[in-house]
Amino acid sequence: VGRKAMIDPYVHVIAGLAVCSRAADVWTTYQVTPTLKLEANSLARRFGWRFALLTILAGLVPYVWPPLGVVVLTMSFMVAASNASKIVMAKALGEDELAALVRRVLVATPPWPGLLFLVMPGVFSGALGGSLLLFYHDASDWGYYFGLGMLAYAFAVFVWYPVRYFRVRAEAKRTPNHDT
């Protein structure tokens, strides 16, 4: 079975799932942090909701290359799941109070073991993604691209969580008596 034969019947399904996954990421982000105060991704924080909404269009990437669409949908659903796990706390406390709590926790946690604990979701997701690549090591297997999506999520955790950790700590040093 050639690569084209494997992909063509699924391109619309992959695109639909990828668009849904991007929309889920944006929606769950909004539920947790409507002002993006708690957003870990510095690009999303800087460029705001218009940028975030534009990222939903990344769900159309399967029409260019379907395997990349599988990576996008996997990574985006994993981000949405992580966001969704924070919605109850965000709704109960409110964004400002949750941001103040997160700030207190990050400031009180030393880089070691704090960074280790922050990136642990990436370690576990990366281990699962790597396991998939072990079993689906051929680029003509769908599992290969799901594994890459999990590794992409792990990479995002390894990049954005430490960036946020150090940004929040730096902001706390500049404004020590301000709880944001």
# chains A, B, ... in the order shown; residues from 1 in each chain; ligands from 1
>>> select_by_dssp(residues="range 26-113 of chain A", states="helix (DSSP H, G or I)", output="ChimeraX atom specification")
/A:26-32,42-63,66-84,87-93,95-108,111-113
>>> closest_atom_pairs(of="range 95-149 of chain A", to="range 36-47 of chain A", cutoff="9 Å", atoms="only C-alpha atoms", output="CSV")
residue,atom,partner,partner_atom,distance
A:Glu95,CA,A:Lys37,CA,7.6
A:Asp96,CA,A:Lys37,CA,8.1
A:Leu98,CA,A:Leu38,CA,8.3
A:Ala99,CA,A:Leu38,CA,6.2
A:Val102,CA,A:Leu38,CA,8.5
>>> closest_residue(among="A:Tyr10, A:Trp65, A:Phe124, A:Trp49", to="Met150 in chain A", atoms="only C-alpha atoms")
A:Phe124
>>> residues_around(residues="Thr55 in chain A", least_positions_apart="2", cutoff="12 Å", atoms="only C-alpha atoms", output="tab-separated table (two decimals) with N, CA and C atoms, in the first residue's frame")
chain	number	residue	atom	x	y	z
A	18	ALA	N	-8.49	17.87	13.21
A	18	ALA	CA	-7.46	18.88	13.48
A	18	ALA	C	-8.09	20.24	13.78
A	19	VAL	N	-9.11	20.62	13.01
A	19	VAL	CA	-9.80	21.89	13.29
A	19	VAL	C	-10.48	21.82	14.66
A	20	CYS	N	-11.13	20.69	14.95
A	20	CYS	CA	-11.76	20.53	16.28
A	20	CYS	C	-10.73	20.62	17.40
A	21	SER	N	-9.56	20.01	17.18
A	21	SER	CA	-8.54	20.02	18.23
A	21	SER	C	-8.00	21.43	18.46
A	22	ARG	N	-7.82	22.18	17.39
A	22	ARG	CA	-7.35	23.56	17.54
A	22	ARG	C	-8.43	24.40	18.23
A	23	ALA	N	-9.70	24.20	17.84
A	23	ALA	CA	-10.80	24.93	18.48
A	23	ALA	C	-10.89	24.55	19.96
A	24	ALA	N	-10.68	23.28	20.29
A	24	ALA	CA	-10.70	22.83	21.68
A	24	ALA	C	-9.59	23.49	22.48
A	25	ASP	N	-8.41	23.60	21.89
A	25	ASP	CA	-7.30	24.27	22.56
A	25	ASP	C	-7.66	25.72	22.85
A	26	VAL	N	-8.16	26.42	21.85
A	26	VAL	CA	-8.50	27.84	22.03
A	26	VAL	C	-9.64	27.99	23.05
A	27	TRP	N	-10.67	27.17	22.95
A	27	TRP	CA	-11.81	27.27	23.86
A	27	TRP	C	-11.40	26.98	25.30
A	43	LEU	N	4.05	33.54	22.71
A	43	LEU	CA	3.52	34.08	21.45
A	43	LEU	C	2.03	34.36	21.57
A	44	ALA	N	1.29	33.43	22.13
A	44	ALA	CA	-0.14	33.62	22.31
A	44	ALA	C	-0.41	34.80	23.25
A	47	PHE	N	0.43	38.09	21.18
A	47	PHE	CA	-0.41	38.44	20.03
A	47	PHE	C	-1.91	38.32	20.31
A	48	GLY	N	-2.30	37.75	21.42
A	48	GLY	CA	-3.68	37.79	21.88
A	48	GLY	C	-4.64	36.83	21.18
A	49	TRP	N	-5.92	37.12	21.39
A	49	TRP	CA	-6.98	36.23	20.95
A	49	TRP	C	-7.13	36.17	19.43
A	50	ARG	N	-6.87	37.23	18.74
A	50	ARG	CA	-6.95	37.16	17.26
A	50	ARG	C	-5.96	36.13	16.74
A	51	PHE	N	-4.74	36.15	17.29
A	51	PHE	CA	-3.73	35.16	16.93
A	51	PHE	C	-4.21	33.76	17.31
A	52	ALA	N	-4.73	33.62	18.52
A	52	ALA	CA	-5.21	32.31	18.98
A	52	ALA	C	-6.30	31.78	18.05
A	53	LEU	N	-7.22	32.63	17.68
A	53	LEU	CA	-8.29	32.19	16.76
A	53	LEU	C	-7.72	31.83	15.39
A	57	LEU	N	-6.89	27.75	12.05
A	57	LEU	CA	-6.65	27.45	10.63
A	57	LEU	C	-5.54	26.42	10.43
A	58	ALA	N	-4.69	26.23	11.45
A	58	ALA	CA	-3.67	25.18	11.36
A	58	ALA	C	-4.32	23.81	11.20
A	59	GLY	N	-5.58	23.71	11.57
A	59	GLY	CA	-6.32	22.47	11.38
A	59	GLY	C	-6.54	22.12	9.92
A	60	LEU	N	-6.28	23.05	9.03
A	60	LEU	CA	-6.43	22.79	7.59
A	60	LEU	C	-5.16	22.23	6.97
A	61	VAL	N	-4.11	22.10	7.74
A	61	VAL	CA	-2.83	21.60	7.24
A	61	VAL	C	-2.94	20.21	6.59
A	72	VAL	N	-0.68	17.71	14.36
A	72	VAL	CA	-1.39	18.89	14.88
A	72	VAL	C	-2.56	18.46	15.75
A	76	SER	N	-2.66	19.21	19.72
A	76	SER	CA	-3.69	20.16	20.15
A	76	SER	C	-4.69	19.54	21.11
>>> closest_residue(among="A:Thr35, A:Trp142, A:Ala92, A:Ser85", to="Ile14 in chain A", atoms="only C-alpha atoms")
A:Trp142
>>> residues_around(residues="Leu132 in chain A", least_positions_apart="2", cutoff="7 Å", atoms="only C-alpha atoms", output="PyMOL selection string")
chain A and resi 128-130+134-136+143-144+147
>>> atom_distance(atom1="CA of Ala139 in chain A", atom2="CA of Pro67 in chain A")
8.8 Å
>>> residues_around(residues="range 157-173 of chain A", least_positions_apart="4", cutoff="10 Å", atoms="only C-alpha atoms", output="ChimeraX atom specification")
/A:38-43,79,99,102-109,111,114-116,118-123,125-126,151-153,177-180
>>> atom_distance(atom1="CA of Met75 in chain A", atom2="CA of Gly149 in chain A")
4.9 Å
